[in-house]
Amino acid sequence: MCVTFSTTVHLRAPNSLPLVFGLSQRDDRYNHAAIPLGGLRLGAAISIKNLTKTYTLRSGVKSNAVDGIDLEVQEGEIFGFLGPNGAGKTTTIKMLLNIIEPTSGEATIFGHELDDMTVHKIISYLPEKPYYYEHMTGMEILRFYASLFSIKDEEKCEGLLKKVNLYNDREKPIAQYSKGMQQRIGLAQSLLNDPKLLFLDEPTGGLDPIAHKEIRDLILQFRDEGKTVFISSHELSDVERICDRVAIIKKGKIAAQGKLEDLLQGGRIEVTASDVSESVASTFRSSLSDGIVSWNGGRLIVDVPDSVDQNSIIDTIRSSGGLIQSIIPRRKRLEDLFVETVSDDRPVQNVGGAS
Amino acid sequence: MKKSRSSIVAAVIGLFVVQAGLGLALQPIWAKNYMPKQKGVAAGLNPDQLLAALAGFREMVAGILWVRADSFFENGNYDAILPIIRIVTLLDPHQLDVYATGMWHIGYNFTDLQQRSDRRYLPSAIALGSEGAKNNPDTYEMFFETGWIWHHKIEDGYDRAVKWWDEANTKKDILPARRNLLASAYIRNGQIEKAMDYYAGLLAEANKRVADKTDTDPMSSSMRDTIERNLDNHMIRMSQRGWMAKTKGHGPIPYDTEPPFDVGFSVKVTVTDAKKLEFEGTWNVLPVGTRIRVILRDADYPHAIAGGVDWDGDAESVNLDPPTNTTYMQDQLYVRNRRFTKKIDMSADPTMYPFNKDKYLLEFYYSPRNAPPHIQDKFSWDGQGLTDKNFLNTEIRPGVRVIYTSFEISRDEILRRGEWADKAPVRMTSNFKKQGLNAIGSDVINSESLRSSTSAPKPAPTGPPPGMVPPSRPSGPVAPGSN
Amino acid sequence: MNAIVSIARTTFAEAIRRKVLFIIFLIGVTFLAVAPGLNVLSARQERTVLVGFTLGVIQLTSALIAIVLTVYLIPNEIERRTIYTILCKPVRRWQFFVGKYLGAVTALGVMMAAMTVLLIIVFALQQGTRDPAQLAPLAKGPLMFFFQMSLLAAVAMCLSAMVQPILNFFLTGGIYLVGTLFGTIFETFQENRGVHPVTKAISQLVMSILPNFGKFNVQNPLINPNQQIGNESMYYIGTALYGVVYIIILLLIGILVFERKEV
């Protein structure tokens, strides 16, 4: 229960700098400031190898909620962990937080085993839609969570309240807080220990657009402070705006993982034509596995990656008597990637990335 | 982690042994001082009541129930109170109020339309009293109350009254005034000398209290006076009733009790209608205050003795189910002007008088032990001054000369069925005569020294000696044998 | 230690604000306040009725509070996901578990203390006495009840690591009932010569396993004070010790299960 952890922590990741973390939290903070920011690769904040969580259902059937995933999150990046509901996002996070035990596989956080209490001093977790003790005021909540770290620092609590813009509401009970305010007090409590790694589970879920922006700005601010942020979300537009790298999990397996810019490489082309017969649409549907084909009363829209030969599409339409109306190239969005990844059974796509 | 788990398991096992040892060591102390005392009575309790009773909320539930019982008392819904009394006393065996009230209630309050009480409940009343006494052995109350039932309600088996009051006397909290009653029980039990000794002991104590300057009780001296008066009275009676002379070996001396007086008992019973009896008969004692016990019961009534029932016989457990299959009627025949008449109607109370046996016994019983003092002055405590040439009985109550006779009577006769539908069954003693008073000759109590009670009539100008004239006779005094 | 104290303090603050508990508490308090009214009907034994009734109210109310409070302690944390914000801090699960229990027991203790004070006030007013020698012994009942209820809460706490709250509610209630009754049943078996030795041995075994709640029911001599008890304080200390040892056992078992529980 002592605050300082006197062991020197050597990061295990092979490509890491021989970083030495200091002896106390204050030293940590100092070290953070000293870490060069930007594109420089630091050590692995999270390293997951073949992590599996198996549940035995009532029928006796075993089901893998998380099925042998490999994942590496680098220090100082904002990592987006995406996937549809029930894909295994929260299960993975809970395993990383040592709240549930993996069935097999290993994972380390900053090189520590997961059941090492020192991990919990340098990480933070903001669950999805948490409720805080409603009888407490914002300030009391922070005091309570601070006491769990044995921190008795009123100024720090007040500073965090200012940071999340709740200082004026600090004496109000949580029961009177709006959803956005509750999420912000959650963020404030998650910052009490100056975490090096933050797990945020759906941090913008259920918030209005202004609150979205506030949270996004805060998360970006964390990165600028050198913190690693692990966001689990299906709010793709938010993730797209702030994440450096993403992984998409599907049915317990990583379906895609890599730098966002790499994953979204290559744009798409949308060809719109009229007077097209339905048989042409059927031809496209069977030949363009990556394409999205829609036909309605002679009007055809073909949406394909720009790697597909556009001329042959145009030729086919024309030769069947169709009339090309527009050809619009556009950048690939995360939503496209997400839909592509989770909507069919394509093999795992692994672009760039650390592994 | 695994290591710490196994050491926790080891600690759990170790502590488990510790708690088991502690628990078993504490158990006897708990059982002695704190355990709800339920022994022997749990049999009468439903499982759910037992659960509630044992679960630790007993006293509270008991309190609430007793409050509820009170409203039933007000409405006279006595049947509803019985189970409550039972549950309350089981729940909280220290509720003296409920025991005492319950016992009184069971013993006295179940009556037929003519206010005869249902004595079939007496064993339950006694059982409840015994149970209350057993559960509250440190206080005199239930011992006293149970003794009272014997002394006042049963009026028989006075040794039991002595036993209970004797025990009540050993409790520290007994009220001084209640201690006097034990003397009365001694007397009725025939322990005349013991009563005197007891009074003397009480008087000595009372004198000490009065002399004690620190005693602030204003009642002390009046209590002392009462005891003194009682002792005085008792000694006078001992002397006048020939007790002193007899015990000193002076033989029969013509004190008040000599020679024995023949009461000339005769009776005629007519079954006037189904379950309706009419009694008439003679008893040659003019002063008021004679009550002759009459009983009509199943011939095989449990624990029956001549002239009553050994009510202790069935008094082992409190049974609140009304004893609907037995019949027991007991009443008194009041003698006025040396005769008695009474009509007893049992037709309106089928639950109390079910008459579902074939044979019945009709009994008449008189004991001098229950007689008021002015009559006892003639008969003495044990009936030395009492006789009857037909019905004197010295066997059914050893040591006491009582008057007793009985008739068998069948169910058909009582119900006026079969051959008795049109014909009134009659039972009578052979000495009964129509206009029975004609039979009475000179053998009427005629003793100068026979003291009268306070209600004794004034002497009439002519006719019998003082005390022989009933006050309410409108047509003037009736001399013995004048009609 | 800090973590345990913080969690306990928060749990306490939350518990005394829970509406359900407050309503149970208020009902108890109301019964205590009207208790003197019952004595009109039993004038001879007003003291017996008053003490018996009020102690019963305190016991019933506290048992309800203890169970209702504890069965939802952990499930509520999981449902509101606050447990995750706590367990991802440097807080061991056992610290969380113990902290929650201590907070609940503190809340229970405060409510019971309030009721006891009320009991003494009611008694003092009704009996017209201010004699501490008469009033102080009344607190002995609730004091032992407190150990009883702490044990009850530990049972619920231990079970809450294993079963759902509703089931836990009935299980705990059942254990309370059996644990209260068994002492008497055991005595009946021991004294009755007709009971088979095997039955006796089994009852002895059950006796040494079951949490014996009956031991803490010391109200009989309080209600009927004419009973003389030798070495009373030793019994109290022994019983309290028994309670504490059993509580530790239950908490340890609870922790063993809770450590592995997937929340």
# chains A, B, ... in the order shown; residues from 1 in each chain; ligands from 1
call {"tool": "residues_around", "arguments": {"residues": "region 63-77 of chain A", "least_positions_apart": "3", "cutoff": "7 Å", "atoms": "only C-alpha atoms", "output": "ChimeraX atom specification"}}
result
/A:42-57,88,92,223,226-229,244,252-254,354
call {"tool": "write_last_selection", "arguments": {"atoms": "N, CA and C atoms", "output": "short mmCIF file (atom, residue, chain, number, x, y, z; two decimals), in the first residue's frame"}}
result
data_model
loop_
_atom_site.label_atom_id
_atom_site.label_comp_id
_atom_site.auth_asym_id
_atom_site.auth_seq_id
_atom_site.Cartn_x
_atom_site.Cartn_y
_atom_site.Cartn_z
N LEU A 42 8.01 4.94 -28.41
CA LEU A 42 8.50 4.63 -27.06
C LEU A 42 8.26 3.16 -26.82
N GLY A 43 8.25 2.74 -25.57
CA GLY A 43 8.05 1.33 -25.27
C GLY A 43 6.60 0.92 -25.47
N ALA A 44 6.33 -0.37 -25.32
CA ALA A 44 4.96 -0.84 -25.42
C ALA A 44 4.24 -0.57 -24.10
N ALA A 45 3.15 0.17 -24.18
CA ALA A 45 2.36 0.39 -22.97
C ALA A 45 1.59 -0.88 -22.64
N ILE A 46 1.00 -1.47 -23.67
CA ILE A 46 0.25 -2.71 -23.49
C ILE A 46 0.79 -3.73 -24.47
N SER A 47 1.02 -4.91 -23.98
CA SER A 47 1.45 -5.96 -24.89
C SER A 47 0.61 -7.20 -24.60
N ILE A 48 -0.11 -7.64 -25.61
CA ILE A 48 -1.03 -8.77 -25.41
C ILE A 48 -0.64 -9.88 -26.36
N LYS A 49 -0.50 -11.08 -25.80
CA LYS A 49 -0.13 -12.21 -26.68
C LYS A 49 -1.10 -13.36 -26.47
N ASN A 50 -1.81 -13.65 -27.53
CA ASN A 50 -2.67 -14.84 -27.56
C ASN A 50 -3.65 -14.87 -26.38
N LEU A 51 -4.17 -13.72 -26.03
CA LEU A 51 -5.05 -13.63 -24.86
C LEU A 51 -6.42 -14.23 -25.20
N THR A 52 -6.86 -15.10 -24.32
CA THR A 52 -8.13 -15.80 -24.58
C THR A 52 -8.96 -15.82 -23.30
N LYS A 53 -10.24 -15.58 -23.46
CA LYS A 53 -11.16 -15.74 -22.33
C LYS A 53 -12.29 -16.64 -22.78
N THR A 54 -12.42 -17.77 -22.11
CA THR A 54 -13.44 -18.74 -22.48
C THR A 54 -14.50 -18.80 -21.40
N TYR A 55 -15.73 -18.70 -21.80
CA TYR A 55 -16.83 -18.90 -20.85
C TYR A 55 -17.51 -20.21 -21.18
N THR A 56 -17.90 -20.92 -20.15
CA THR A 56 -18.69 -22.11 -20.39
C THR A 56 -20.15 -21.73 -20.23
N LEU A 57 -20.89 -21.92 -21.29
CA LEU A 57 -22.31 -21.55 -21.23
C LEU A 57 -23.08 -22.59 -20.43
N GLY A 88 -16.12 -8.34 -27.63
CA GLY A 88 -15.07 -8.72 -26.68
C GLY A 88 -14.24 -7.55 -26.21
N THR A 92 -11.82 -7.71 -22.89
CA THR A 92 -10.37 -7.50 -23.01
C THR A 92 -9.89 -6.48 -21.98
N ARG A 223 -2.83 13.13 -24.62
CA ARG A 223 -1.72 12.67 -25.45
C ARG A 223 -0.59 13.68 -25.42
N GLY A 226 1.68 13.27 -22.84
CA GLY A 226 2.50 12.07 -22.87
C GLY A 226 1.80 10.83 -22.38
N LYS A 227 0.49 10.93 -22.13
CA LYS A 227 -0.22 9.75 -21.64
C LYS A 227 -0.61 8.85 -22.80
N THR A 228 -0.70 7.56 -22.50
CA THR A 228 -1.20 6.62 -23.48
C THR A 228 -2.70 6.48 -23.22
N VAL A 229 -3.47 6.49 -24.30
CA VAL A 229 -4.93 6.40 -24.11
C VAL A 229 -5.45 5.21 -24.93
N ASP A 244 -4.49 7.42 -33.06
CA ASP A 244 -3.33 7.20 -33.90
C ASP A 244 -3.43 5.84 -34.56
N GLY A 252 -14.42 -11.73 -30.93
CA GLY A 252 -13.31 -12.14 -30.07
C GLY A 252 -11.96 -12.16 -30.76
N LYS A 253 -11.94 -11.87 -32.07
CA LYS A 253 -10.65 -11.90 -32.78
C LYS A 253 -10.35 -10.52 -33.34
N ILE A 254 -9.07 -10.23 -33.44
CA ILE A 254 -8.69 -8.97 -34.06
C ILE A 254 -8.86 -9.12 -35.58
N ALA A 354 2.65 -2.18 -35.30
CA ALA A 354 3.91 -2.47 -34.62
C ALA A 354 4.29 -3.93 -34.73
#
call {"tool": "closest_atom_pairs", "arguments": {"of": "chain C", "to": "chain A", "cutoff": "9 Å", "atoms": "only C-alpha atoms", "output": "Markdown table"}}
result
| residue | atom | partner | partner_atom | distance |
| --- | --- | --- | --- | --- |
| C:Met1 | CA | A:Met1 | CA | 7.7 |
| C:Asn2 | CA | A:Ser150 | CA | 6.4 |
| C:Ala3 | CA | A:Leu148 | CA | 4.8 |
| C:Ile4 | CA | A:Leu148 | CA | 8.4 |
| C:Ser6 | CA | A:Ser147 | CA | 6.4 |
| C:Ile7 | CA | A:Phe144 | CA | 8.0 |
| C:Thr10 | CA | A:Phe144 | CA | 7.6 |
| C:Ala13 | CA | A:His135 | CA | 7.9 |
| C:Glu14 | CA | A:His135 | CA | 6.7 |
| C:Arg17 | CA | A:His135 | CA | 7.7 |
| C:Glu79 | CA | A:Tyr131 | CA | 9.0 |
| C:Arg80 | CA | A:Tyr131 | CA | 5.2 |
| C:Arg81 | CA | A:Pro130 | CA | 5.3 |
| C:Thr82 | CA | A:Pro130 | CA | 6.1 |
| C:Tyr84 | CA | A:Pro127 | CA | 6.9 |
| C:Thr85 | CA | A:Tyr125 | CA | 6.2 |
| C:Ile86 | CA | A:Tyr145 | CA | 7.5 |
| C:Leu87 | CA | A:Ile99 | CA | 7.1 |
| C:Cys88 | CA | A:His120 | CA | 5.7 |
| C:Lys89 | CA | A:His120 | CA | 5.1 |
| C:Pro90 | CA | A:His120 | CA | 4.8 |
| C:Val91 | CA | A:Leu148 | CA | 6.8 |
| C:Arg92 | CA | A:Met117 | CA | 8.0 |
| C:Arg260 | CA | A:Ile100 | CA | 7.8 |
| C:Lys261 | CA | A:Ile100 | CA | 7.5 |
| C:Glu262 | CA | A:Ile100 | CA | 5.3 |
| C:Val263 | CA | A:Ile99 | CA | 6.9 |
call {"tool": "write_last_selection", "arguments": {"atoms": "N, CA and C atoms", "output": "mmCIF file, in the first residue's frame"}}
result
data_model
loop_
_atom_site.group_PDB
_atom_site.id
_atom_site.type_symbol
_atom_site.label_atom_id
_atom_site.label_comp_id
_atom_site.auth_asym_id
_atom_site.auth_seq_id
_atom_site.Cartn_x
_atom_site.Cartn_y
_atom_site.Cartn_z
ATOM 1 N N MET C 1 -4.559 0.151 4.330
ATOM 2 C CA MET C 1 -5.533 0.508 5.360
ATOM 3 C C MET C 1 -6.363 1.720 4.943
ATOM 4 N N ASN C 2 -5.653 2.675 4.306
ATOM 5 C CA ASN C 2 -6.353 3.858 3.819
ATOM 6 C C ASN C 2 -7.530 3.502 2.932
ATOM 7 N N ALA C 3 -7.272 2.555 2.034
ATOM 8 C CA ALA C 3 -8.307 2.179 1.079
ATOM 9 C C ALA C 3 -9.505 1.596 1.818
ATOM 10 N N ILE C 4 -9.244 0.714 2.799
ATOM 11 C CA ILE C 4 -10.347 0.102 3.534
ATOM 12 C C ILE C 4 -11.177 1.177 4.234
ATOM 13 N N SER C 6 -11.381 4.369 3.521
ATOM 14 C CA SER C 6 -12.104 5.215 2.560
ATOM 15 C C SER C 6 -13.345 4.515 2.040
ATOM 16 N N ILE C 7 -13.184 3.243 1.699
ATOM 17 C CA ILE C 7 -14.333 2.504 1.157
ATOM 18 C C ILE C 7 -15.397 2.351 2.238
ATOM 19 N N THR C 10 -17.242 5.673 2.693
ATOM 20 C CA THR C 10 -18.177 5.939 1.598
ATOM 21 C C THR C 10 -19.392 5.020 1.690
ATOM 22 N N ALA C 13 -21.637 6.300 4.387
ATOM 23 C CA ALA C 13 -22.369 7.507 3.986
ATOM 24 C C ALA C 13 -23.490 7.153 3.027
ATOM 25 N N GLU C 14 -23.225 6.183 2.166
ATOM 26 C CA GLU C 14 -24.256 5.809 1.209
ATOM 27 C C GLU C 14 -25.382 5.038 1.901
ATOM 28 N N ARG C 17 -28.010 6.827 3.709
ATOM 29 C CA ARG C 17 -28.891 7.608 2.836
ATOM 30 C C ARG C 17 -29.834 6.729 2.025
ATOM 31 N N GLU C 79 -23.395 -3.382 -10.665
ATOM 32 C CA GLU C 79 -24.391 -2.843 -11.589
ATOM 33 C C GLU C 79 -24.067 -1.406 -11.985
ATOM 34 N N ARG C 80 -23.606 -0.625 -11.019
ATOM 35 C CA ARG C 80 -23.309 0.781 -11.325
ATOM 36 C C ARG C 80 -21.902 0.948 -11.885
ATOM 37 N N ARG C 81 -21.201 -0.146 -11.976
ATOM 38 C CA ARG C 81 -19.828 -0.159 -12.505
ATOM 39 C C ARG C 81 -18.858 0.665 -11.676
ATOM 40 N N THR C 82 -19.265 1.097 -10.499
ATOM 41 C CA THR C 82 -18.302 1.819 -9.655
ATOM 42 C C THR C 82 -17.185 0.889 -9.208
ATOM 43 N N TYR C 84 -15.490 -1.064 -10.877
ATOM 44 C CA TYR C 84 -14.357 -1.062 -11.787
ATOM 45 C C TYR C 84 -13.466 0.151 -11.539
ATOM 46 N N THR C 85 -14.107 1.267 -11.263
ATOM 47 C CA THR C 85 -13.290 2.468 -11.022
ATOM 48 C C THR C 85 -12.476 2.295 -9.743
ATOM 49 N N ILE C 86 -12.957 1.436 -8.855
ATOM 50 C CA ILE C 86 -12.213 1.242 -7.610
ATOM 51 C C ILE C 86 -11.162 0.153 -7.759
ATOM 52 N N LEU C 87 -11.542 -0.953 -8.392
ATOM 53 C CA LEU C 87 -10.599 -2.066 -8.488
ATOM 54 C C LEU C 87 -9.464 -1.782 -9.457
ATOM 55 N N CYS C 88 -9.630 -0.767 -10.332
ATOM 56 C CA CYS C 88 -8.508 -0.452 -11.207
ATOM 57 C C CYS C 88 -7.543 0.498 -10.512
ATOM 58 N N LYS C 89 -7.928 0.918 -9.312
ATOM 59 C CA LYS C 89 -6.990 1.693 -8.490
ATOM 60 C C LYS C 89 -6.162 0.699 -7.678
ATOM 61 N N PRO C 90 -5.125 1.152 -7.019
ATOM 62 C CA PRO C 90 -4.330 0.179 -6.270
ATOM 63 C C PRO C 90 -5.071 -0.319 -5.024
ATOM 64 N N VAL C 91 -6.198 -0.971 -5.246
ATOM 65 C CA VAL C 91 -7.017 -1.495 -4.154
ATOM 66 C C VAL C 91 -7.165 -2.990 -4.390
ATOM 67 N N ARG C 92 -6.799 -3.762 -3.378
ATOM 68 C CA ARG C 92 -6.971 -5.207 -3.487
ATOM 69 C C ARG C 92 -8.439 -5.535 -3.315
ATOM 70 N N ARG C 260 -11.881 -14.534 -6.922
ATOM 71 C CA ARG C 260 -11.975 -15.231 -8.208
ATOM 72 C C ARG C 260 -13.227 -14.849 -8.979
ATOM 73 N N LYS C 261 -14.071 -14.041 -8.373
ATOM 74 C CA LYS C 261 -15.363 -13.754 -8.997
ATOM 75 C C LYS C 261 -15.169 -12.890 -10.233
ATOM 76 N N GLU C 262 -15.883 -13.217 -11.270
ATOM 77 C CA GLU C 262 -15.840 -12.406 -12.480
ATOM 78 C C GLU C 262 -16.926 -11.362 -12.360
ATOM 79 N N VAL C 263 -16.511 -10.120 -12.231
ATOM 80 C CA VAL C 263 -17.526 -9.088 -11.998
ATOM 81 C C VAL C 263 -17.778 -8.287 -13.260
#
call {"tool": "atom_distance", "arguments": {"atom1": "CA of Phe364 (chain B)", "atom2": "CA of Gln240 (chain B)"}}
result
29.1 Å
call {"tool": "select_by_dssp", "arguments": {"residues": "region 6-171 of chain C", "states": "alpha helix (DSSP H)", "output": "ChimeraX atom specification"}}
result
/C:6-15,19-34,46-71,73-79,82-87,93-127,132-135,140-160,165-171
call {"tool": "select_by_dssp", "arguments": {"residues": "region 142-360 of chain B", "states": "strand (DSSP E or B)", "output": "ChimeraX atom specification"}}
result
/B:261-262,266-273,276-282,291-298,304-305,308-309,328-334,336,339-345,359-360
